[in-house]
Amino acid sequence: MKILVSGGAGYIGSHTVLQLVQAGHDVVIVDNFSNSQPAVIGRLEALAGRHLPVHAFDLLDEDKTEHLFATEGFDAVIHFAGLKAVGESVEKPLDYYENNLGSTFSLVRAMRRHGVDKLVFSSSATVYGTDQAGATEDRPTFATNPYGWTKVMQEQILRDIAVADPTLRFALLRYFNPVGAHASGTIGENPSGIPNNLMPFIAQVAVGRRERLNVFGDDYDTPDGTGVRDYIHVEDLAAGHVAALEALTSTEEPVSVWNLGSGRGTSVLELLHAFERAVGHELPYEVVARRPGDVAVSYADPAKANRELGWQTTRSVDDMCADTWRWQQQNPNGYDDA
Ligand code: NAD
Ligand code: UDP
């Protein structure tokens with residue numbers, strides 16, 4: 001298939017682009033590089049062993065989006081592009097609604113004008129709101145912050161569009177906590193500024209860019225009191241996209257929802273200790289107050305994806321830490337070193 005990957009220069013998009021190429025698909029990337037760097041493309045091309053076409057523009061620009069679809073003839077779209085920082089979404093809700101919903105409008109309009117019927121959409125466990133433990137896809141969706149609402153709303157908008165045009169096939173993929181990096185250590189997560197997420201923060205402590213990890217609360221109702229999450233290796237997540245895309249070619253369902261997670265919970269301290277094993281020494285941490293808005297426990301019930309996609313996670317938390325550490329060591333300042 002010829003696939004347009006929106007946000008293909010980003011963290012999850014870049015790993016997925018590579019697996020799509022390896023699965024024999026033709027890939028075209030569109031990205032405005034608002035949260036990624038052009039240097040990733042050269043790394044991807046080296047890994048893929050071929051040139052990758054990249055269109056650097058903002059999907060809010062409907063004319064450019066239309067022109068791209070008019071000239072390329074896509075079979076499917078994988079839509080990663082979006083803003084994703086929860087805290088920032090509280091401060092700049094309008095930017096989040098405009099960018100995340102607007103990019104989807106622009107893409108889906110162009111898809112419909114040009115007869116592209118398959119879309120894989122990046123959703124999130126955040127659509128389960130405060131009810132994220134053992135979540136199955138049939139739970140009601142709601143959100144606790146503007147970022148989360150953009151995902152709930154985009155899911156609903158896509159469902160409504162699929163009702164109006166039954167030829168369409170949409171996959172809503174609800175990711176749990178993506179971490180890790182490509183085994184080569186040449187592509188990985190490249191947060192700008194101080195990382196909001198646990199794994200990149202630990203990695204920056206390990207490489208000496210941060211003094212210590214702040215553990216946000218150790219008085220949750222969990223085995224060690226720290227927050228529990230379902231970490232999924234980005235390579236397993238990328239494989240889930242390839243499987244979902246293939247499933248869309250044969251399903252009768254207009255909209256398919258799949259959780260992509262391991263089904264296992266790992267606490268903050270367990271992840272820290274796994275990272276210490278990868279690094280070979282202890283890492284400094286301090287327990288501080290809970291982070292407002294955090295749930296205690298989040299993990300997927302991935303049975304539906306396991307069954308319907310023939311997909312499951314294959315990489316352990318130790319693999320996730322080893323691969324993150326390789327990426328962090330080889331690129332202490334992310335793509336800034338490129
Ligand atoms: P990322 O920021 O690394 O990648 C997103 C890419 O989209 C970036 O390269 C950015 O420059 C681009 N982009 C953003 N707005 C754009 C626009 N208007 N036009 C063109 N390009 C645009 O993020 P990621 O971690 O790879 O996440 C990918 C998707 O998965 C996002 O939609 C995110 O909300 C979702 N998601 C991520 C996580 C996570 O923890 N990383 C969890 C659940 C869901
Ligand atoms: N966390 C932490 N210190 C940090 C970042 C995160 O203790 O610097 C905790 C956070 O409270 C949560 C877990 O690590 O329990 C995962 O947080 P992350 O932001 O990575 O994912 P999310 O909470 O969005 O699922």
# chains A, B, ... in the order shown; residues from 1 in each chain; ligands from 1
$ residues_around --residues "segment 148-164 of chain A" --least-positions-apart "3" --cutoff "8 Å" --atoms "only C-alpha atoms" --output "list in words"
Val86, Tyr96, Tyr97, Asn100, Leu101, Thr104, Ser123, Ser124, Thr126, Val127, Gly129, Thr141, Phe142, Ala143, Thr144, Asn145, Thr167, Leu168, Arg169, Phe170, Leu172, Pro254 and Val255 of chain A
$ write_last_selection --atoms "N, CA, C and O atoms" --output "PDB file, in the first residue's frame"
ATOM      1  N   VAL A  86      -0.015  17.068  28.147  1.00  0.00           N
ATOM      2  CA  VAL A  86      -1.219  17.293  28.957  1.00  0.00           C
ATOM      3  C   VAL A  86      -1.187  18.665  29.636  1.00  0.00           C
ATOM      4  O   VAL A  86      -2.146  19.444  29.543  1.00  0.00           O
ATOM      5  N   TYR A  96      -4.592  23.380  21.286  1.00  0.00           N
ATOM      6  CA  TYR A  96      -4.752  21.922  21.214  1.00  0.00           C
ATOM      7  C   TYR A  96      -5.986  21.534  20.404  1.00  0.00           C
ATOM      8  O   TYR A  96      -5.926  20.666  19.552  1.00  0.00           O
ATOM      9  N   TYR A  97      -7.119  22.207  20.696  1.00  0.00           N
ATOM     10  CA  TYR A  97      -8.319  21.876  19.919  1.00  0.00           C
ATOM     11  C   TYR A  97      -8.112  22.213  18.445  1.00  0.00           C
ATOM     12  O   TYR A  97      -8.483  21.449  17.558  1.00  0.00           O
ATOM     13  N   ASN A 100      -5.242  19.691  16.890  1.00  0.00           N
ATOM     14  CA  ASN A 100      -5.557  18.267  16.843  1.00  0.00           C
ATOM     15  C   ASN A 100      -6.833  17.987  16.053  1.00  0.00           C
ATOM     16  O   ASN A 100      -6.865  17.071  15.224  1.00  0.00           O
ATOM     17  N   LEU A 101      -7.868  18.783  16.283  1.00  0.00           N
ATOM     18  CA  LEU A 101      -9.085  18.565  15.508  1.00  0.00           C
ATOM     19  C   LEU A 101      -8.903  19.053  14.068  1.00  0.00           C
ATOM     20  O   LEU A 101      -9.308  18.370  13.118  1.00  0.00           O
ATOM     21  N   THR A 104      -7.104  16.711  11.728  1.00  0.00           N
ATOM     22  CA  THR A 104      -7.952  15.569  11.362  1.00  0.00           C
ATOM     23  C   THR A 104      -8.995  15.980  10.316  1.00  0.00           C
ATOM     24  O   THR A 104      -9.218  15.261   9.342  1.00  0.00           O
ATOM     25  N   SER A 123      -5.042   7.248  19.082  1.00  0.00           N
ATOM     26  CA  SER A 123      -5.765   7.660  20.275  1.00  0.00           C
ATOM     27  C   SER A 123      -4.937   7.262  21.500  1.00  0.00           C
ATOM     28  O   SER A 123      -3.738   6.968  21.384  1.00  0.00           O
ATOM     29  N   SER A 124      -5.558   7.248  22.641  1.00  0.00           N
ATOM     30  CA  SER A 124      -4.773   7.125  23.866  1.00  0.00           C
ATOM     31  C   SER A 124      -5.626   6.535  24.982  1.00  0.00           C
ATOM     32  O   SER A 124      -6.856   6.703  25.005  1.00  0.00           O
ATOM     33  N   THR A 126      -5.879   7.807  27.592  1.00  0.00           N
ATOM     34  CA  THR A 126      -6.454   8.971  28.273  1.00  0.00           C
ATOM     35  C   THR A 126      -7.962   9.058  28.042  1.00  0.00           C
ATOM     36  O   THR A 126      -8.674   9.672  28.852  1.00  0.00           O
ATOM     37  N   VAL A 127      -8.487   8.417  26.975  1.00  0.00           N
ATOM     38  CA  VAL A 127      -9.938   8.479  26.731  1.00  0.00           C
ATOM     39  C   VAL A 127     -10.729   7.671  27.761  1.00  0.00           C
ATOM     40  O   VAL A 127     -11.958   7.771  27.803  1.00  0.00           O
ATOM     41  N   GLY A 129     -10.394   8.284  30.824  1.00  0.00           N
ATOM     42  CA  GLY A 129     -10.528   9.217  31.944  1.00  0.00           C
ATOM     43  C   GLY A 129      -9.850   8.696  33.190  1.00  0.00           C
ATOM     44  O   GLY A 129      -8.664   8.367  33.170  1.00  0.00           O
ATOM     45  N   THR A 141     -16.059   6.689  27.245  1.00  0.00           N
ATOM     46  CA  THR A 141     -14.887   7.561  27.122  1.00  0.00           C
ATOM     47  C   THR A 141     -15.205   8.948  27.669  1.00  0.00           C
ATOM     48  O   THR A 141     -16.303   9.475  27.497  1.00  0.00           O
ATOM     49  N   PHE A 142     -14.219   9.513  28.336  1.00  0.00           N
ATOM     50  CA  PHE A 142     -14.290  10.894  28.794  1.00  0.00           C
ATOM     51  C   PHE A 142     -12.864  11.334  29.109  1.00  0.00           C
ATOM     52  O   PHE A 142     -11.938  10.524  29.034  1.00  0.00           O
ATOM     53  N   ALA A 143     -12.693  12.591  29.439  1.00  0.00           N
ATOM     54  CA  ALA A 143     -11.328  13.078  29.638  1.00  0.00           C
ATOM     55  C   ALA A 143     -11.265  13.992  30.846  1.00  0.00           C
ATOM     56  O   ALA A 143     -12.290  14.450  31.360  1.00  0.00           O
ATOM     57  N   THR A 144     -10.027  14.238  31.292  1.00  0.00           N
ATOM     58  CA  THR A 144      -9.827  15.080  32.462  1.00  0.00           C
ATOM     59  C   THR A 144      -8.975  16.310  32.130  1.00  0.00           C
ATOM     60  O   THR A 144      -8.604  17.061  33.020  1.00  0.00           O
ATOM     61  N   ASN A 145      -8.657  16.478  30.849  1.00  0.00           N
ATOM     62  CA  ASN A 145      -7.862  17.645  30.443  1.00  0.00           C
ATOM     63  C   ASN A 145      -8.092  17.883  28.946  1.00  0.00           C
ATOM     64  O   ASN A 145      -8.581  16.991  28.238  1.00  0.00           O
ATOM     65  N   THR A 167     -18.396   3.302   3.378  1.00  0.00           N
ATOM     66  CA  THR A 167     -17.256   2.683   2.676  1.00  0.00           C
ATOM     67  C   THR A 167     -15.960   2.885   3.459  1.00  0.00           C
ATOM     68  O   THR A 167     -14.953   2.241   3.168  1.00  0.00           O
ATOM     69  N   LEU A 168     -15.970   3.781   4.440  1.00  0.00           N
ATOM     70  CA  LEU A 168     -14.743   4.100   5.165  1.00  0.00           C
ATOM     71  C   LEU A 168     -14.399   3.030   6.192  1.00  0.00           C
ATOM     72  O   LEU A 168     -15.288   2.364   6.733  1.00  0.00           O
ATOM     73  N   ARG A 169     -13.102   2.892   6.486  1.00  0.00           N
ATOM     74  CA  ARG A 169     -12.626   1.963   7.518  1.00  0.00           C
ATOM     75  C   ARG A 169     -11.635   2.717   8.410  1.00  0.00           C
ATOM     76  O   ARG A 169     -10.568   3.121   7.952  1.00  0.00           O
ATOM     77  N   PHE A 170     -12.018   2.893   9.671  1.00  0.00           N
ATOM     78  CA  PHE A 170     -11.170   3.633  10.611  1.00  0.00           C
ATOM     79  C   PHE A 170     -10.722   2.712  11.743  1.00  0.00           C
ATOM     80  O   PHE A 170     -11.530   1.927  12.267  1.00  0.00           O
ATOM     81  N   LEU A 172      -9.182   3.077  15.562  1.00  0.00           N
ATOM     82  CA  LEU A 172      -8.844   3.968  16.684  1.00  0.00           C
ATOM     83  C   LEU A 172      -7.938   3.165  17.609  1.00  0.00           C
ATOM     84  O   LEU A 172      -8.394   2.219  18.256  1.00  0.00           O
ATOM     85  N   PRO A 254     -16.943  -0.549  10.175  1.00  0.00           N
ATOM     86  CA  PRO A 254     -16.495   0.799   9.776  1.00  0.00           C
ATOM     87  C   PRO A 254     -15.458   1.368  10.754  1.00  0.00           C
ATOM     88  O   PRO A 254     -14.495   1.995  10.340  1.00  0.00           O
ATOM     89  N   VAL A 255     -15.688   1.149  12.049  1.00  0.00           N
ATOM     90  CA  VAL A 255     -14.766   1.682  13.063  1.00  0.00           C
ATOM     91  C   VAL A 255     -14.324   0.542  13.978  1.00  0.00           C
ATOM     92  O   VAL A 255     -15.156  -0.143  14.568  1.00  0.00           O
TER      93      VAL A 255
END
$ residues_near_ligand --ligand "ligand 2" --cutoff "9 Å" --atoms "only C-alpha atoms and all ligand atoms" --output "PDB file with C-alpha atoms, in the first residue's frame"
ATOM      1  CA  ALA A  85       1.534  17.487  26.325  1.00  0.00           C
ATOM      2  CA  VAL A  86      -1.219  17.293  28.957  1.00  0.00           C
ATOM      3  CA  ALA A 125      -5.646   5.434  27.140  1.00  0.00           C
ATOM      4  CA  THR A 126      -6.454   8.971  28.273  1.00  0.00           C
ATOM      5  CA  PHE A 176      -0.954   2.996  26.797  1.00  0.00           C
ATOM      6  CA  ASN A 177       2.558   4.268  27.704  1.00  0.00           C
ATOM      7  CA  PRO A 178       4.956   4.116  24.739  1.00  0.00           C
ATOM      8  CA  VAL A 179       8.655   3.987  25.692  1.00  0.00           C
ATOM      9  CA  PRO A 195      10.636  15.760  29.980  1.00  0.00           C
ATOM     10  CA  ASN A 196       7.087  15.412  31.315  1.00  0.00           C
ATOM     11  CA  ASN A 197       7.125  11.630  31.060  1.00  0.00           C
ATOM     12  CA  LEU A 198       8.805   9.189  33.382  1.00  0.00           C
ATOM     13  CA  MET A 199      11.036   7.149  31.052  1.00  0.00           C
ATOM     14  CA  PRO A 200      12.763  10.058  29.273  1.00  0.00           C
ATOM     15  CA  PHE A 201      13.215  11.776  32.624  1.00  0.00           C
ATOM     16  CA  ILE A 202      14.917   8.707  34.120  1.00  0.00           C
ATOM     17  CA  LEU A 213      14.091  11.736  39.567  1.00  0.00           C
ATOM     18  CA  ASN A 214      11.148  13.260  41.387  1.00  0.00           C
ATOM     19  CA  VAL A 215       8.736  10.427  42.189  1.00  0.00           C
ATOM     20  CA  PHE A 216       5.267  11.954  42.141  1.00  0.00           C
ATOM     21  CA  GLY A 217       3.717  10.378  45.235  1.00  0.00           C
ATOM     22  CA  ASP A 218       4.283   7.088  47.071  1.00  0.00           C
ATOM     23  CA  THR A 226       3.841   4.710  43.376  1.00  0.00           C
ATOM     24  CA  GLY A 227       1.815   5.101  40.175  1.00  0.00           C
ATOM     25  CA  VAL A 228       1.341   2.058  37.955  1.00  0.00           C
ATOM     26  CA  ARG A 229       1.375   2.246  34.142  1.00  0.00           C
ATOM     27  CA  ASP A 230       1.329  -0.156  31.202  1.00  0.00           C
ATOM     28  CA  TYR A 231       4.596   0.557  29.363  1.00  0.00           C
ATOM     29  CA  SER A 267       5.220   1.055  39.128  1.00  0.00           C
ATOM     30  CA  VAL A 268       7.433   4.143  39.042  1.00  0.00           C
ATOM     31  CA  LEU A 269       9.966   2.494  41.346  1.00  0.00           C
ATOM     32  CA  LEU A 271      10.673   1.148  36.180  1.00  0.00           C
ATOM     33  CA  VAL A 287       9.615  11.225  46.631  1.00  0.00           C
ATOM     34  CA  VAL A 288       7.649  14.460  46.171  1.00  0.00           C
ATOM     35  CA  ARG A 290       1.514  13.683  43.739  1.00  0.00           C
ATOM     36  CA  ARG A 291       1.172  15.284  40.316  1.00  0.00           C
ATOM     37  CA  PRO A 292      -2.300  16.822  39.981  1.00  0.00           C
ATOM     38  CA  GLY A 293      -4.588  14.870  37.683  1.00  0.00           C
ATOM     39  CA  ASP A 294      -2.638  11.571  37.817  1.00  0.00           C
ATOM     40  CA  VAL A 295      -4.532   8.288  38.093  1.00  0.00           C
ATOM     41  CA  ALA A 296      -3.077   5.641  40.423  1.00  0.00           C
ATOM     42  CA  VAL A 297      -3.251   2.736  38.005  1.00  0.00           C
ATOM     43  CA  SER A 298      -3.476   2.409  34.224  1.00  0.00           C
TER      44      SER A 298
END
$ closest_residue --among "A:Ala303, A:Leu245, A:Val108, A:Val317" --to "Ala274 of chain A" --atoms "only C-alpha atoms"
A:Val317
$ residues_near_ligand --ligand "ligand 1" --cutoff "7 Å" --atoms "only C-alpha atoms and all ligand atoms" --output "JSON list (two decimals) with C-alpha atoms, in the first residue's frame"
[["chain", "number", "residue", "atom", "x", "y", "z"],
["A", 6, "SER", "CA", 1.17, 12.29, 9.29],
["A", 7, "GLY", "CA", 3.57, 13.15, 12.11],
["A", 8, "GLY", "CA", 5.98, 10.60, 10.66],
["A", 9, "ALA", "CA", 9.01, 12.51, 11.95],
["A", 10, "GLY", "CA", 7.80, 12.21, 15.55],
["A", 11, "TYR", "CA", 8.60, 9.58, 18.13],
["A", 12, "ILE", "CA", 6.02, 6.88, 17.36],
["A", 13, "GLY", "CA", 5.64, 7.89, 13.71],
["A", 30, "VAL", "CA", 3.96, 14.84, 6.25],
["A", 31, "ASP", "CA", 5.18, 16.75, 9.30],
["A", 32, "ASN", "CA", 5.48, 20.43, 10.20],
["A", 33, "PHE", "CA", 8.41, 19.67, 12.56],
["A", 34, "SER", "CA", 6.70, 21.56, 15.39],
["A", 35, "ASN", "CA", 7.77, 18.79, 17.78],
["A", 36, "SER", "CA", 10.43, 16.93, 15.80],
["A", 57, "PHE", "CA", 3.94, 21.61, 6.03],
["A", 58, "ASP", "CA", 1.18, 22.14, 8.57],
["A", 59, "LEU", "CA", -1.88, 19.94, 8.07],
["A", 60, "LEU", "CA", -4.05, 22.89, 9.06],
["A", 80, "PHE", "CA", 0.03, 10.58, 14.30],
["A", 81, "ALA", "CA", 0.24, 14.37, 13.94],
["A", 82, "GLY", "CA", -0.96, 16.19, 17.02],
["A", 83, "LEU", "CA", 0.09, 18.05, 20.13],
["A", 84, "LYS", "CA", 0.39, 15.74, 23.13],
["A", 99, "ASN", "CA", -4.29, 21.70, 15.93],
["A", 100, "ASN", "CA", -5.56, 18.27, 16.84],
["A", 103, "SER", "CA", -5.42, 18.41, 11.29],
["A", 122, "SER", "CA", -3.48, 7.67, 17.27],
["A", 123, "SER", "CA", -5.77, 7.66, 20.28],
["A", 124, "SER", "CA", -4.77, 7.12, 23.87],
["A", 125, "ALA", "CA", -5.65, 5.43, 27.14],
["A", 174, "ARG", "CA", -5.62, 3.52, 22.16],
["A", 175, "TYR", "CA", -1.99, 3.50, 23.22],
["A", 176, "PHE", "CA", -0.95, 3.00, 26.80],
["A", 177, "ASN", "CA", 2.56, 4.27, 27.70],
["A", 178, "PRO", "CA", 4.96, 4.12, 24.74],
["A", 189, "GLU", "CA", 12.15, 9.83, 21.87]]
$ atom_distance --atom1 "atom CA of Pro93 of chain A" --atom2 "atom CA of Pro146 of chain A"
5.8 Å
$ closest_residue --among "A:Met111, A:Leu237, A:Ala171, A:Leu272" --to "Glu253 of chain A" --atoms "only C-alpha atoms"
A:Ala171
$ atom_distance --atom1 "atom CA of Asp26 of chain A" --atom2 "atom CA of Leu119 of chain A"
15.5 Å
$ select_by_dssp --residues "segment 86-240 of chain A" --states "helix (DSSP H, G or I)" --output "PDB file with C-alpha atoms, in the first residue's frame"
ATOM      1  CA  VAL A  86      -1.219  17.293  28.957  1.00  0.00           C
ATOM      2  CA  GLY A  87       0.020  20.236  31.062  1.00  0.00           C
ATOM      3  CA  GLU A  88       0.499  22.482  28.039  1.00  0.00           C
ATOM      4  CA  SER A  89      -3.022  21.618  26.868  1.00  0.00           C
ATOM      5  CA  VAL A  90      -4.417  23.054  30.116  1.00  0.00           C
ATOM      6  CA  GLU A  91      -2.532  26.315  29.490  1.00  0.00           C
ATOM      7  CA  PRO A  93      -6.525  24.668  25.150  1.00  0.00           C
ATOM      8  CA  LEU A  94      -7.350  26.580  21.980  1.00  0.00           C
ATOM      9  CA  ASP A  95      -4.040  25.556  20.376  1.00  0.00           C
ATOM     10  CA  TYR A  96      -4.752  21.922  21.214  1.00  0.00           C
ATOM     11  CA  TYR A  97      -8.319  21.876  19.919  1.00  0.00           C
ATOM     12  CA  GLU A  98      -7.333  23.803  16.807  1.00  0.00           C
ATOM     13  CA  ASN A  99      -4.290  21.703  15.932  1.00  0.00           C
ATOM     14  CA  ASN A 100      -5.557  18.267  16.843  1.00  0.00           C
ATOM     15  CA  LEU A 101      -9.085  18.565  15.508  1.00  0.00           C
ATOM     16  CA  GLY A 102      -8.104  20.800  12.578  1.00  0.00           C
ATOM     17  CA  SER A 103      -5.425  18.410  11.293  1.00  0.00           C
ATOM     18  CA  THR A 104      -7.952  15.569  11.362  1.00  0.00           C
ATOM     19  CA  PHE A 105     -10.574  17.635   9.496  1.00  0.00           C
ATOM     20  CA  SER A 106      -8.063  18.562   6.846  1.00  0.00           C
ATOM     21  CA  LEU A 107      -6.864  14.978   6.355  1.00  0.00           C
ATOM     22  CA  VAL A 108     -10.293  13.365   6.327  1.00  0.00           C
ATOM     23  CA  ARG A 109     -11.689  15.941   3.901  1.00  0.00           C
ATOM     24  CA  ALA A 110      -8.815  15.226   1.503  1.00  0.00           C
ATOM     25  CA  MET A 111      -9.268  11.471   1.979  1.00  0.00           C
ATOM     26  CA  ARG A 112     -12.928  11.698   1.042  1.00  0.00           C
ATOM     27  CA  ARG A 113     -12.287  13.891  -2.012  1.00  0.00           C
ATOM     28  CA  ALA A 125      -5.646   5.434  27.140  1.00  0.00           C
ATOM     29  CA  THR A 126      -6.454   8.971  28.273  1.00  0.00           C
ATOM     30  CA  VAL A 127      -9.938   8.479  26.731  1.00  0.00           C
ATOM     31  CA  PRO A 146      -8.035  19.398  27.033  1.00  0.00           C
ATOM     32  CA  TYR A 147      -5.507  17.016  25.414  1.00  0.00           C
ATOM     33  CA  GLY A 148      -7.657  14.064  26.446  1.00  0.00           C
ATOM     34  CA  TRP A 149     -10.792  15.770  25.167  1.00  0.00           C
ATOM     35  CA  THR A 150      -9.182  16.267  21.754  1.00  0.00           C
ATOM     36  CA  LYS A 151      -8.777  12.477  21.580  1.00  0.00           C
ATOM     37  CA  VAL A 152     -12.330  11.769  22.809  1.00  0.00           C
ATOM     38  CA  MET A 153     -13.688  14.312  20.305  1.00  0.00           C
ATOM     39  CA  GLN A 154     -11.601  13.051  17.397  1.00  0.00           C
ATOM     40  CA  GLU A 155     -12.793   9.503  18.068  1.00  0.00           C
ATOM     41  CA  GLN A 156     -16.417  10.702  18.051  1.00  0.00           C
ATOM     42  CA  ILE A 157     -15.926  12.791  14.904  1.00  0.00           C
ATOM     43  CA  LEU A 158     -14.421   9.796  13.088  1.00  0.00           C
ATOM     44  CA  ARG A 159     -17.331   7.586  14.214  1.00  0.00           C
ATOM     45  CA  ASP A 160     -19.835  10.125  12.870  1.00  0.00           C
ATOM     46  CA  ILE A 161     -18.007  10.374   9.545  1.00  0.00           C
ATOM     47  CA  ALA A 162     -17.985   6.578   9.237  1.00  0.00           C
ATOM     48  CA  VAL A 163     -21.759   6.466   9.789  1.00  0.00           C
ATOM     49  CA  ALA A 164     -22.284   8.978   6.987  1.00  0.00           C
ATOM     50  CA  LEU A 198       8.805   9.189  33.382  1.00  0.00           C
ATOM     51  CA  MET A 199      11.036   7.149  31.052  1.00  0.00           C
ATOM     52  CA  PRO A 200      12.763  10.058  29.273  1.00  0.00           C
ATOM     53  CA  PHE A 201      13.215  11.776  32.624  1.00  0.00           C
ATOM     54  CA  ILE A 202      14.917   8.707  34.120  1.00  0.00           C
ATOM     55  CA  ALA A 203      17.093   8.426  30.997  1.00  0.00           C
ATOM     56  CA  GLN A 204      18.213  12.048  31.412  1.00  0.00           C
ATOM     57  CA  VAL A 205      19.044  11.434  35.074  1.00  0.00           C
ATOM     58  CA  ALA A 206      21.122   8.423  34.009  1.00  0.00           C
ATOM     59  CA  VAL A 234       7.582   1.665  20.734  1.00  0.00           C
ATOM     60  CA  GLU A 235       8.619  -1.160  18.378  1.00  0.00           C
ATOM     61  CA  ASP A 236       5.706  -3.303  19.603  1.00  0.00           C
ATOM     62  CA  LEU A 237       3.454  -0.269  19.193  1.00  0.00           C
ATOM     63  CA  ALA A 238       4.711   0.289  15.639  1.00  0.00           C
ATOM     64  CA  ALA A 239       4.010  -3.375  14.842  1.00  0.00           C
ATOM     65  CA  GLY A 240       0.463  -2.826  16.108  1.00  0.00           C
TER      66      GLY A 240
END
$ residues_around --residues "Val279 of chain A" --least-positions-apart "5" --cutoff "10 Å" --atoms "only C-alpha atoms" --output "list in words"
Ala203, Ala206, Val207, His273, Ala274, Cys321, Ala322, Trp325, Arg326 and Gln329 of chain A
$ atom_distance --atom1 "atom CA of Ser256 of chain A" --atom2 "atom CA of Val28 of chain A"
23.9 Å
$ select_by_dssp --residues "segment 72-269 of chain A" --states "strand (DSSP E or B)" --output "ChimeraX atom specification"
/A:76-79,118-124,128,133-135,142,169-175,177-179,213-216,228-229,231-233,255-260,266-267
$ closest_residue --among "A:Asp336, A:Glu286, A:Asp301, A:Glu66" --to "Glu211 of chain A" --atoms "only C-alpha atoms"
A:Glu286
$ closest_atom_pairs --of "segment 143-239 of chain A" --to "segment 39-52 of chain A" --cutoff "9 Å" --atoms "only C-alpha atoms" --output "CSV"
residue,atom,partner,partner_atom,distance
A:Ser184,CA,A:Leu47,CA,8.6
A:Thr186,CA,A:Arg43,CA,6.5
A:Ile187,CA,A:Arg43,CA,6.8
$ write_last_selection --atoms "C-alpha atoms" --output "PDB file, in the first residue's frame"
ATOM      1  CA  SER A 184      20.120   0.569  16.649  1.00  0.00           C
ATOM      2  CA  THR A 186      19.779   5.920  16.226  1.00  0.00           C
ATOM      3  CA  ILE A 187      16.099   6.896  16.547  1.00  0.00           C
TER       4      ILE A 187
END
$ closest_residue --among "A:Lys304, A:His55, A:His241, A:Arg315" --to "Val17 of chain A" --atoms "only C-alpha atoms"
A:His241
$ closest_residue --among "A:Asp219, A:Tyr335, A:Asp138, A:Gln19" --to "Ser192 of chain A" --atoms "only C-alpha atoms"
A:Tyr335
$ decode --residues "segment 7-19 of chain A" --atoms "N, CA and C atoms" --output "mmCIF file, in the first residue's frame"
data_model
loop_
_atom_site.group_PDB
_atom_site.id
_atom_site.type_symbol
_atom_site.label_atom_id
_atom_site.label_comp_id
_atom_site.auth_asym_id
_atom_site.auth_seq_id
_atom_site.Cartn_x
_atom_site.Cartn_y
_atom_site.Cartn_z
ATOM 1 N N GLY A 7 2.770 13.197 10.885
ATOM 2 C CA GLY A 7 3.569 13.152 12.114
ATOM 3 C C GLY A 7 4.626 12.051 12.056
ATOM 4 N N GLY A 8 5.033 11.713 10.850
ATOM 5 C CA GLY A 8 5.980 10.602 10.658
ATOM 6 C C GLY A 8 7.394 10.904 11.115
ATOM 7 N N ALA A 9 7.680 12.176 11.424
ATOM 8 C CA ALA A 9 9.009 12.510 11.950
ATOM 9 C C ALA A 9 9.040 12.443 13.474
ATOM 10 N N GLY A 10 7.881 12.236 14.088
ATOM 11 C CA GLY A 10 7.803 12.208 15.550
ATOM 12 C C GLY A 10 8.255 10.877 16.122
ATOM 13 N N TYR A 11 8.090 10.757 17.409
ATOM 14 C CA TYR A 11 8.601 9.583 18.133
ATOM 15 C C TYR A 11 7.969 8.279 17.635
ATOM 16 N N ILE A 12 6.662 8.155 17.743
ATOM 17 C CA ILE A 12 6.023 6.885 17.358
ATOM 18 C C ILE A 12 5.973 6.771 15.833
ATOM 19 N N GLY A 13 5.710 7.901 15.174
ATOM 20 C CA GLY A 13 5.640 7.889 13.712
ATOM 21 C C GLY A 13 6.936 7.395 13.076
ATOM 22 N N SER A 14 8.080 7.842 13.575
ATOM 23 C CA SER A 14 9.350 7.458 12.944
ATOM 24 C C SER A 14 9.569 5.951 13.048
ATOM 25 N N HIS A 15 9.283 5.374 14.203
ATOM 26 C CA HIS A 15 9.464 3.923 14.345
ATOM 27 C C HIS A 15 8.476 3.161 13.454
ATOM 28 N N THR A 16 7.284 3.717 13.303
ATOM 29 C CA THR A 16 6.272 3.042 12.477
ATOM 30 C C THR A 16 6.629 3.128 10.997
ATOM 31 N N VAL A 17 7.140 4.294 10.574
ATOM 32 C CA VAL A 17 7.568 4.449 9.173
ATOM 33 C C VAL A 17 8.536 3.328 8.803
ATOM 34 N N LEU A 18 9.488 3.093 9.662
ATOM 35 C CA LEU A 18 10.501 2.077 9.364
ATOM 36 C C LEU A 18 9.868 0.691 9.224
ATOM 37 N N GLN A 19 8.968 0.359 10.132
ATOM 38 C CA GLN A 19 8.341 -0.970 10.038
ATOM 39 C C GLN A 19 7.423 -1.088 8.820
#
